[in-house]
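> I'd like to ask some things about the structure below.
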Number of protein chains: 2
Amino acid sequence: MDELWQNDGNPRGLPLKRASGKNQMVTMRDVAEDSGFSPATVSIVLNNAPLARYIAPATKKRIEEAAKKLGYRPNAMARFLRSKRSHTVGLVFFDITDPFCTPVMRGIENALYQSSYVPIFADAHNQRNRFERYLEMLLEHHVEALIVVANWLVVDIHVLADLSKRNIPAATIGWELPGDTVSSVMVDNETGGRMALEHLHQLGHRKIAFIRGPKMLIDSAPRWRGVQKFAHSVGLEIDPALVLQLPDSFDPNSGFEGGHRLTEELLQKKKKFTALMAFDDLTALGAIRALTKAGVKVPEHCSVTGFDDVAMSALSAPSLTTVRQPLEAMGTNAVNIVMEGIKAGLEKREWNSVRQKMNPELVIRDSTRDVAHSSTD
Amino acid sequence: MDELWQNDGNPRGLPLKRASGKNQMVTMRDVAEDSGFSPATVSIVLNNAPLARYIAPATKKRIEEAAKKLGYRPNAMARFLRSKRSHTVGLVFFDITDPFCTPVMRGIENALYQSSYVPIFADAHNQRNRFERYLEMLLEHHVEALIVVANWLVVDIHVLADLSKRNIPAATIGWELPGDTVSSVMVDNETGGRMALEHLHQLGHRKIAFIRGPKMLIDSAPRWRGVQKFAHSVGLEIDPALVLQLPDSFDPNSGFEGGHRLTEELLQKKKKFTALMAFDDLTALGAIRALTKAGVKVPEHCSVTGFDDVAMSALSAPSLTTVRQPLEAMGTNAVNIVMEGIKAGLEKREWNSVRQKMNPELVIRDSTRDVAHSSTD
DNA sequence: TGCCTGCATTGAAACGATTCAATGATGCGA
DNA sequence: TCGCATCATTGAATCGTTTCAATGCAGGCA
């Protein structure tokens, strides 16, 4: 079975050191005794501290061998206590159930792994209390930085102000806070909104229905702004009767339901439209379901676009044309930002928070089609 | 906006203690000085240690007030160093990309939260080296227990043997190891396999195609066994020409592709079947896509079943009839198991690992239908 | 020879909490 | 009044590392 494993470059992996004794932990003291040097020297060698440049090569070798032989593993807690570095980052999700979160998590995890940091994971379940309780726990564990993934969340600013007071760099993904203490990484929603509409317009669609995002989501307004600006720039008229808005909701998967219901409403109006631009992918999937049920074929009779490009969108039938958020990259960037902050803190430099807007990307799949080929109904 | 927050019972949440000074951490010593008692007493009071029963109520009160006033927050690292308890659990996923993982994670996170434990998150990306490196890191952080979520993974047994040597209880979800050092929580695959087929059989289907799981997955064999046993018990004949098997793969989302391709193969054989039982949901979705593309309507011409009940299954069109794994409960149970182990370790009791099989549940949706109503082709 | 410099190593003091044995203080029975 | 529990509190050691100041030792230079 061995050859079935994927490989990340290091063919056999690190040999997992085996504790030589039974249950006891191997401490630095043990290494010191075994190698015949003092704990101080061992520490210097094993960490390659500045003082290590004075240590005789032979000594280094003996110590390293002893460490490997005994299966020494540094005690992260003890180390922290002295050095103030926990090598730990807090990772708070507003609701892990949102398919938006998985790729972001991938990106974050991967970037942290590169820096040998370890994430402490928290899921707020959309509950403010839980969020605050977790923050408390993360502070107790002395995370060196904090990353919050949310696309909506109301938090007193002072809660996060605590962080900056303690000099803990923080970044949010998919959401931003007033003030400049907390960094943020977001997709450029306005551009994304424009892209979707531009695509439909290029396909020749003129009668377009819209399902806007809920008011509480920070993404909703700029996306709509992108739509309006583009429509204005090409002289496209938006029929207010064809514009509906999702209600506020706490369930990240409610978009499906909402899209379904609102599309039914649209259909009842008996106003013709050849394309529908949905707020996000889930909404689009709900819309497609409603259209299909009503006998309106997608994309033959009606084109539909989503937003986000969650995993599901490639698998649905028809597969969904959507505006992709570079979720994994957003995670990576957030990590890089806070890592910069940590480094600055160590070197006692000043450091300014960052607001990053990432470019979305149009992904064309099967749910949109040239209006010329659309049959009229 | 305040009222938009969902509530978890504690209406205003814990008041977030504000550090009173600027940047300095508030230590136990500070609380001691402020309240006029010794650090020892403070520790005893704040932890409600056994000795606390001797402490005068007035003292307790003064100390607690001082702690709150100063915004004292215990230092988890320092505490660990003495008490050996990190209040941390390692959480390793073989591949977070698998939709299987999200609900499991929810369950685990929630259960840990109840016990005030904090998870350290790791994603192995299907790579053995990564898995081992993470294990190393988790051990350095002295996690008190380990939970591994995988539905396949080849690991030398000695890697996890290290854990039991150090008395770290471990549990796996969706996967099990030989030997009895590691606990496991799995769905009862055999029963699940039977359920799916029984459902199709009850609907009157007799010509049934099967897409079996890849050999490398531990789930594949027992599911198939359930199928065979049921078929035998009711005298249903399984046509070998209608049985295909997914190839081994590392990509948890490859099932869709695989299901799609194998279904095309099935269709080319020109052998009639009125139902298709797929290994899991993704495979089923791929199959449905292929059927639809070939003009075979689901469920009108062909019923399809999946397995797992991942989030997507309820949203696909048609929604998928499937065998549900109680993923969240599986996460919860795994946590309870290792918590038992931790407790046993503290009390120096013996403790035996547990192998749990959970009952699956048939979820009937729109992708299956009575054969009587199926039009023949 | 005496002194200084650079090299190699180490002693010992933190870091912030926990915990056990020890210390006063009090009350009570003899 | 003494001795002895019981109660209330605390001093001091300890956990495993890191880090700074200190030490001993060569060799080189005056």
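In the structure tokens, chains take letters A, B, ... by order of appearance, with residues numbered from 1 within each chain and ligands from 1 in the order shown.
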From a DSSP pass on the backbone, collect the residues of region 203-294 of chain A flagged as strand (DSSP E) and hand them back as a ChimeraX atom specification.
/A:208-212,243-245,275-278
> Would you output that residue set with N, CA and C atoms, as an mmCIF file, in the first residue's frame?

data_model
loop_
_atom_site.group_PDB
_atom_site.id
_atom_site.type_symbol
_atom_site.label_atom_id
_atom_site.label_comp_id
_atom_site.auth_asym_id
_atom_site.auth_seq_id
_atom_site.Cartn_x
_atom_site.Cartn_y
_atom_site.Cartn_z
ATOM 1 N N ILE A 208 -32.996 41.191 -17.578
ATOM 2 C CA ILE A 208 -32.262 40.439 -16.559
ATOM 3 C C ILE A 208 -32.897 40.632 -15.188
ATOM 4 N N ALA A 209 -33.090 39.535 -14.512
ATOM 5 C CA ALA A 209 -33.619 39.595 -13.149
ATOM 6 C C ALA A 209 -32.460 39.525 -12.159
ATOM 7 N N PHE A 210 -32.668 40.096 -10.980
ATOM 8 C CA PHE A 210 -31.600 40.109 -9.977
ATOM 9 C C PHE A 210 -32.129 39.651 -8.631
ATOM 10 N N ILE A 211 -31.337 38.827 -7.981
ATOM 11 C CA ILE A 211 -31.611 38.551 -6.573
ATOM 12 C C ILE A 211 -30.452 39.119 -5.778
ATOM 13 N N ARG A 212 -30.726 40.186 -5.077
ATOM 14 C CA ARG A 212 -29.665 40.853 -4.321
ATOM 15 C C ARG A 212 -29.421 40.168 -2.988
ATOM 16 N N VAL A 243 -36.145 43.017 -9.618
ATOM 17 C CA VAL A 243 -35.080 43.029 -8.602
ATOM 18 C C VAL A 243 -35.652 42.643 -7.243
ATOM 19 N N LEU A 244 -35.191 41.523 -6.713
ATOM 20 C CA LEU A 244 -35.647 41.094 -5.386
ATOM 21 C C LEU A 244 -34.429 40.996 -4.463
ATOM 22 N N GLN A 245 -34.714 40.955 -3.179
ATOM 23 C CA GLN A 245 -33.595 40.896 -2.229
ATOM 24 C C GLN A 245 -33.805 39.801 -1.208
ATOM 25 N N ALA A 275 -32.360 36.108 -18.257
ATOM 26 C CA ALA A 275 -31.204 35.795 -17.418
ATOM 27 C C ALA A 275 -31.494 36.223 -15.993
ATOM 28 N N LEU A 276 -30.814 35.536 -15.076
ATOM 29 C CA LEU A 276 -30.986 35.862 -13.669
ATOM 30 C C LEU A 276 -29.616 35.908 -13.021
ATOM 31 N N MET A 277 -29.342 37.006 -12.374
ATOM 32 C CA MET A 277 -28.073 37.120 -11.668
ATOM 33 C C MET A 277 -28.353 36.983 -10.179
ATOM 34 N N ALA A 278 -27.810 35.900 -9.604
ATOM 35 C CA ALA A 278 -28.077 35.626 -8.190
ATOM 36 C C ALA A 278 -26.945 36.152 -7.328
#
> Taking only C-alpha atoms (C1' of nucleotides) into account, produce a table as JSON lines in which each residue of chain D with an atom at most 9 Å from an atom of chain A appears once, together with its shortest atom pair and the distance in Å to one decimal, ordered by chain and rising number.

{"residue": "D:DC15", "atom": "C1'", "partner": "A:Ala78", "partner_atom": "CA", "distance": 7.8}
{"residue": "D:DG16", "atom": "C1'", "partner": "A:Ala78", "partner_atom": "CA", "distance": 5.0}
{"residue": "D:DT17", "atom": "C1'", "partner": "A:Arg79", "partner_atom": "CA", "distance": 4.8}
{"residue": "D:DT18", "atom": "C1'", "partner": "A:Arg82", "partner_atom": "CA", "distance": 5.8}
{"residue": "D:DT19", "atom": "C1'", "partner": "A:Ala40", "partner_atom": "CA", "distance": 8.5}
> Within 12 Å of Ala231 (chain A), counting only C-alpha atoms (C1' of nucleotides), which residues qualify if same-chain residues fewer than 2 places away don't, as a ChimeraX atom specification?
/A:193-202,205-208,224-229,233-239
> Would you write out those residues with N, CA, C and O atoms, as a short mmCIF file (atom, residue, chain, number, x, y, z; two decimals), in the first residue's frame?

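After the write, result-v1.cif holds the following:
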data_model
loop_
_atom_site.label_atom_id
_atom_site.label_comp_id
_atom_site.auth_asym_id
_atom_site.auth_seq_id
_atom_site.Cartn_x
_atom_site.Cartn_y
_atom_site.Cartn_z
N GLY A 193 -19.40 42.04 -9.16
CA GLY A 193 -20.76 42.29 -9.60
C GLY A 193 -20.78 42.73 -11.06
O GLY A 193 -21.59 42.25 -11.86
N ARG A 194 -19.84 43.60 -11.39
CA ARG A 194 -19.77 44.07 -12.76
C ARG A 194 -19.50 42.91 -13.71
O ARG A 194 -20.16 42.75 -14.74
N MET A 195 -18.55 42.07 -13.35
CA MET A 195 -18.17 40.94 -14.21
C MET A 195 -19.36 40.07 -14.59
O MET A 195 -19.53 39.69 -15.75
N ALA A 196 -20.15 39.75 -13.57
CA ALA A 196 -21.28 38.85 -13.82
C ALA A 196 -22.24 39.48 -14.82
O ALA A 196 -22.64 38.86 -15.80
N LEU A 197 -22.54 40.74 -14.56
CA LEU A 197 -23.51 41.39 -15.44
C LEU A 197 -22.93 41.60 -16.84
O LEU A 197 -23.62 41.40 -17.85
N GLU A 198 -21.67 41.94 -16.88
CA GLU A 198 -21.01 42.16 -18.16
C GLU A 198 -21.08 40.88 -19.00
O GLU A 198 -21.35 40.90 -20.20
N HIS A 199 -20.86 39.77 -18.34
CA HIS A 199 -20.92 38.48 -19.04
C HIS A 199 -22.31 38.27 -19.64
O HIS A 199 -22.44 37.94 -20.83
N LEU A 200 -23.33 38.48 -18.86
CA LEU A 200 -24.69 38.28 -19.35
C LEU A 200 -25.00 39.26 -20.49
O LEU A 200 -25.63 38.90 -21.49
N HIS A 201 -24.51 40.46 -20.31
CA HIS A 201 -24.76 41.48 -21.32
C HIS A 201 -24.09 41.12 -22.64
O HIS A 201 -24.66 41.25 -23.72
N GLN A 202 -22.86 40.63 -22.53
CA GLN A 202 -22.14 40.22 -23.73
C GLN A 202 -22.84 39.08 -24.45
O GLN A 202 -22.73 38.93 -25.66
N HIS A 205 -28.05 39.28 -23.31
CA HIS A 205 -29.22 39.38 -22.44
C HIS A 205 -29.52 40.84 -22.10
O HIS A 205 -28.62 41.63 -21.85
N ARG A 206 -30.80 41.18 -22.13
CA ARG A 206 -31.21 42.55 -21.81
C ARG A 206 -32.29 42.57 -20.73
O ARG A 206 -32.37 43.48 -19.94
N LYS A 207 -33.11 41.53 -20.74
CA LYS A 207 -34.14 41.41 -19.69
C LYS A 207 -33.53 40.54 -18.59
O LYS A 207 -33.55 39.30 -18.67
N ILE A 208 -33.00 41.19 -17.58
CA ILE A 208 -32.26 40.44 -16.56
C ILE A 208 -32.90 40.63 -15.19
O ILE A 208 -33.20 41.76 -14.79
N TRP A 224 -23.93 45.10 -5.75
CA TRP A 224 -25.03 45.77 -6.43
C TRP A 224 -24.56 47.06 -7.09
O TRP A 224 -24.98 47.42 -8.18
N ARG A 225 -23.63 47.72 -6.40
CA ARG A 225 -23.09 48.94 -6.96
C ARG A 225 -22.39 48.63 -8.29
O ARG A 225 -22.53 49.36 -9.27
N GLY A 226 -21.64 47.53 -8.31
CA GLY A 226 -20.98 47.12 -9.56
C GLY A 226 -21.98 46.90 -10.66
O GLY A 226 -21.76 47.29 -11.82
N VAL A 227 -23.08 46.30 -10.31
CA VAL A 227 -24.14 46.04 -11.28
C VAL A 227 -24.68 47.35 -11.84
O VAL A 227 -24.77 47.55 -13.06
N GLN A 228 -25.03 48.22 -10.93
CA GLN A 228 -25.63 49.49 -11.36
C GLN A 228 -24.69 50.30 -12.24
O GLN A 228 -25.08 50.84 -13.27
N LYS A 229 -23.44 50.36 -11.80
CA LYS A 229 -22.48 51.14 -12.58
C LYS A 229 -22.34 50.59 -13.99
O LYS A 229 -22.32 51.34 -14.96
N SER A 233 -23.27 52.32 -17.50
CA SER A 233 -22.23 52.61 -18.49
C SER A 233 -22.60 52.10 -19.88
O SER A 233 -22.12 52.61 -20.88
N VAL A 234 -23.43 51.06 -19.96
CA VAL A 234 -23.81 50.54 -21.27
C VAL A 234 -25.26 50.86 -21.62
O VAL A 234 -25.79 50.37 -22.61
N GLY A 235 -25.87 51.65 -20.76
CA GLY A 235 -27.25 52.02 -21.04
C GLY A 235 -28.25 50.90 -20.89
O GLY A 235 -29.29 50.89 -21.55
N LEU A 236 -27.92 49.96 -20.04
CA LEU A 236 -28.84 48.85 -19.79
C LEU A 236 -29.86 49.27 -18.75
O LEU A 236 -29.53 49.85 -17.72
N GLU A 237 -31.10 48.96 -19.03
CA GLU A 237 -32.14 49.35 -18.09
C GLU A 237 -32.44 48.21 -17.12
O GLU A 237 -32.62 47.07 -17.55
N ILE A 238 -32.46 48.54 -15.84
CA ILE A 238 -32.80 47.51 -14.85
C ILE A 238 -34.24 47.70 -14.42
O ILE A 238 -34.60 48.74 -13.87
N ASP A 239 -35.05 46.70 -14.67
CA ASP A 239 -36.47 46.79 -14.32
C ASP A 239 -36.64 46.50 -12.83
O ASP A 239 -36.38 45.39 -12.37
#
> Using only C-alpha atoms, pick whichever of B:Asn352, B:Thr274, B:Leu282, B:Val31 has the shortest atom-to-atom distance to Val338 (chain B).
B:Asn352
> Name the residues in contact with region 108-113 of chain B at a cut-off of 6 Å, using only C-alpha atoms (C1' of nucleotides), excluding same-chain residues fewer than 3 positions from it; report them as JSON, numbers by chain.
{"B": [105, 116, 117, 331, 332]}
> Can you spit out the residues from that selection as a tab-separated table (two decimals), in the first residue's frame, using N, CA, C and O atoms?

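Heads up, here's the output in selection_23.tsv:
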chain	number	residue	atom	x	y	z
B	105	MET	N	-16.44	17.88	11.81
B	105	MET	CA	-15.71	18.93	12.51
B	105	MET	C	-16.65	19.70	13.44
B	105	MET	O	-16.30	20.02	14.57
B	116	SER	N	-14.58	22.88	27.46
B	116	SER	CA	-13.55	23.91	27.51
B	116	SER	C	-12.20	23.44	27.01
B	116	SER	O	-11.15	23.89	27.47
B	117	TYR	N	-12.23	22.50	26.09
B	117	TYR	CA	-10.99	22.14	25.42
B	117	TYR	C	-10.92	22.90	24.11
B	117	TYR	O	-11.94	23.28	23.54
B	331	GLY	N	-18.62	12.80	15.40
B	331	GLY	CA	-17.62	13.71	15.97
B	331	GLY	C	-17.79	13.83	17.48
B	331	GLY	O	-16.82	13.72	18.24
B	332	THR	N	-19.02	14.03	17.89
B	332	THR	CA	-19.30	14.16	19.32
B	332	THR	C	-18.84	12.92	20.08
B	332	THR	O	-18.18	13.02	21.11
> Write out as a ChimeraX atom specification every residue belonging to chain C that has an atom at most 10 Å from any atom of chain B, counting only C-alpha atoms (C1' of nucleotides).
/C:15-19
> Write a file of the just-selected residues containing all heavy atoms, as a compact mmCIF listing (two decimals), in the first residue's frame.

# COMPACT_ATOMS: atom_id res chain seq x y z
P DC C 15 10.20 37.51 35.48
OP1 DC C 15 10.28 38.91 35.02
OP2 DC C 15 9.78 37.20 36.86
O5' DC C 15 9.23 36.70 34.52
C5' DC C 15 9.57 36.42 33.17
C4' DC C 15 8.77 35.23 32.71
O4' DC C 15 9.55 34.05 32.92
C3' DC C 15 7.49 34.99 33.51
O3' DC C 15 6.42 35.59 32.79
C2' DC C 15 7.37 33.47 33.58
C1' DC C 15 8.68 32.95 33.03
N1 DC C 15 9.38 31.93 33.86
C2 DC C 15 9.92 30.80 33.25
O2 DC C 15 9.84 30.67 32.03
N3 DC C 15 10.53 29.86 34.03
C4 DC C 15 10.61 30.03 35.35
N4 DC C 15 11.23 29.09 36.06
C5 DC C 15 10.06 31.18 35.99
C6 DC C 15 9.46 32.09 35.21
P DG C 16 5.35 36.48 33.57
OP1 DG C 16 4.65 37.32 32.57
OP2 DG C 16 5.99 37.09 34.73
O5' DG C 16 4.32 35.39 34.12
C5' DG C 16 3.57 34.64 33.19
C4' DG C 16 2.92 33.52 33.93
O4' DG C 16 3.94 32.63 34.46
C3' DG C 16 2.08 33.95 35.13
O3' DG C 16 0.82 33.32 34.98
C2' DG C 16 2.84 33.40 36.33
C1' DG C 16 3.55 32.20 35.73
N9 DG C 16 4.77 31.80 36.41
C8 DG C 16 5.68 32.60 37.05
N7 DG C 16 6.69 31.94 37.55
C5 DG C 16 6.44 30.61 37.22
C6 DG C 16 7.18 29.45 37.50
O6 DG C 16 8.25 29.35 38.11
N1 DG C 16 6.58 28.31 36.99
C2 DG C 16 5.39 28.31 36.28
N2 DG C 16 4.95 27.13 35.85
N3 DG C 16 4.68 29.39 36.01
C4 DG C 16 5.26 30.51 36.51
P DA C 17 -0.36 33.62 35.96
OP1 DA C 17 -1.56 33.73 35.14
OP2 DA C 17 0.00 34.66 36.93
O5' DA C 17 -0.42 32.24 36.78
C5' DA C 17 -1.20 31.21 36.23
C4' DA C 17 -0.58 29.87 36.53
O4' DA C 17 0.80 30.03 36.81
C3' DA C 17 -1.17 29.18 37.75
O3' DA C 17 -2.11 28.22 37.28
C2' DA C 17 0.00 28.48 38.39
C1' DA C 17 1.22 28.96 37.63
N9 DA C 17 2.29 29.46 38.47
C8 DA C 17 2.56 30.73 38.83
N7 DA C 17 3.63 30.87 39.56
C5 DA C 17 4.11 29.58 39.67
C6 DA C 17 5.24 29.05 40.33
N6 DA C 17 6.13 29.78 41.01
N1 DA C 17 5.42 27.71 40.25
C2 DA C 17 4.54 26.98 39.56
N3 DA C 17 3.45 27.38 38.90
C4 DA C 17 3.30 28.70 38.99
P DT C 18 -3.06 27.52 38.36
OP1 DT C 18 -4.08 26.84 37.56
OP2 DT C 18 -3.41 28.49 39.41
O5' DT C 18 -2.11 26.41 39.01
C5' DT C 18 -1.72 25.31 38.21
C4' DT C 18 -0.94 24.34 39.07
O4' DT C 18 0.21 24.99 39.65
C3' DT C 18 -1.71 23.74 40.25
O3' DT C 18 -1.38 22.36 40.25
C2' DT C 18 -1.16 24.48 41.46
C1' DT C 18 0.28 24.72 41.03
N1 DT C 18 1.02 25.87 41.62
C2 DT C 18 2.27 25.62 42.14
O2 DT C 18 2.78 24.52 42.20
N3 DT C 18 2.93 26.75 42.63
C4 DT C 18 2.46 28.05 42.62
O4 DT C 18 3.15 28.96 43.07
C5 DT C 18 1.15 28.23 42.05
C7 DT C 18 0.57 29.59 42.00
C6 DT C 18 0.49 27.15 41.58
P DT C 19 -2.27 21.31 41.03
OP1 DT C 19 -2.32 20.08 40.21
OP2 DT C 19 -3.51 21.97 41.47
O5' DT C 19 -1.38 21.00 42.31
C5' DT C 19 -0.02 20.64 42.12
C4' DT C 19 0.64 20.51 43.48
O4' DT C 19 1.22 21.77 43.88
C3' DT C 19 -0.31 20.11 44.61
O3' DT C 19 0.40 19.23 45.45
C2' DT C 19 -0.58 21.43 45.32
C1' DT C 19 0.79 22.08 45.19
N1 DT C 19 0.83 23.57 45.30
C2 DT C 19 2.03 24.16 45.63
O2 DT C 19 3.04 23.53 45.85
N3 DT C 19 1.98 25.53 45.70
C4 DT C 19 0.89 26.35 45.50
O4 DT C 19 0.99 27.55 45.59
C5 DT C 19 -0.33 25.67 45.15
C7 DT C 19 -1.57 26.45 44.90
C6 DT C 19 -0.30 24.32 45.07
> Give the residues of chain A that lie within 6 Å of chain B; count only C-alpha atoms, and format the answer as JSON, numbers by chain.
{"A": [6, 13, 23, 75, 76, 77, 119, 120, 121, 127, 129, 140, 141, 165, 166]}
> Take the residues from that selection and write them out as a compact mmCIF listing (two decimals), in the first residue's frame, keeping N, CA and C atoms.

# COMPACT_ATOMS: atom_id res chain seq x y z
N GLN A 6 0.64 9.85 -1.50
CA GLN A 6 1.18 10.96 -2.25
C GLN A 6 2.41 11.44 -1.54
N GLY A 13 9.60 10.86 4.81
CA GLY A 13 9.09 11.67 5.91
C GLY A 13 10.10 11.72 7.03
N ASN A 23 7.37 6.00 29.63
CA ASN A 23 6.32 6.99 29.54
C ASN A 23 6.88 8.39 29.75
N ASN A 75 9.50 21.06 24.69
CA ASN A 75 8.20 21.27 25.30
C ASN A 75 7.72 22.69 24.97
N ALA A 76 6.73 22.73 24.09
CA ALA A 76 6.28 24.02 23.57
C ALA A 76 5.84 24.97 24.69
N MET A 77 5.26 24.43 25.73
CA MET A 77 4.72 25.28 26.79
C MET A 77 5.87 25.92 27.58
N PRO A 119 -2.62 26.19 14.05
CA PRO A 119 -3.86 26.94 14.28
C PRO A 119 -4.70 26.34 15.40
N ILE A 120 -5.22 27.22 16.22
CA ILE A 120 -6.24 26.78 17.17
C ILE A 120 -7.58 27.17 16.58
N PHE A 121 -8.41 26.17 16.42
CA PHE A 121 -9.62 26.32 15.63
C PHE A 121 -10.83 26.66 16.50
N GLN A 127 -22.90 32.77 16.86
CA GLN A 127 -23.36 33.30 18.14
C GLN A 127 -22.32 34.22 18.74
N ASN A 129 -21.96 35.25 21.75
CA ASN A 129 -21.40 34.78 23.01
C ASN A 129 -20.28 33.79 22.79
N GLU A 140 -6.19 33.20 26.43
CA GLU A 140 -5.56 32.40 27.49
C GLU A 140 -4.45 31.53 26.92
N HIS A 141 -4.70 31.06 25.72
CA HIS A 141 -3.68 30.20 25.10
C HIS A 141 -2.58 31.04 24.44
N LYS A 165 -4.40 46.15 21.82
CA LYS A 165 -3.77 46.61 23.06
C LYS A 165 -2.68 45.62 23.49
N ARG A 166 -2.96 44.34 23.23
CA ARG A 166 -1.97 43.33 23.59
C ARG A 166 -1.02 43.08 22.44
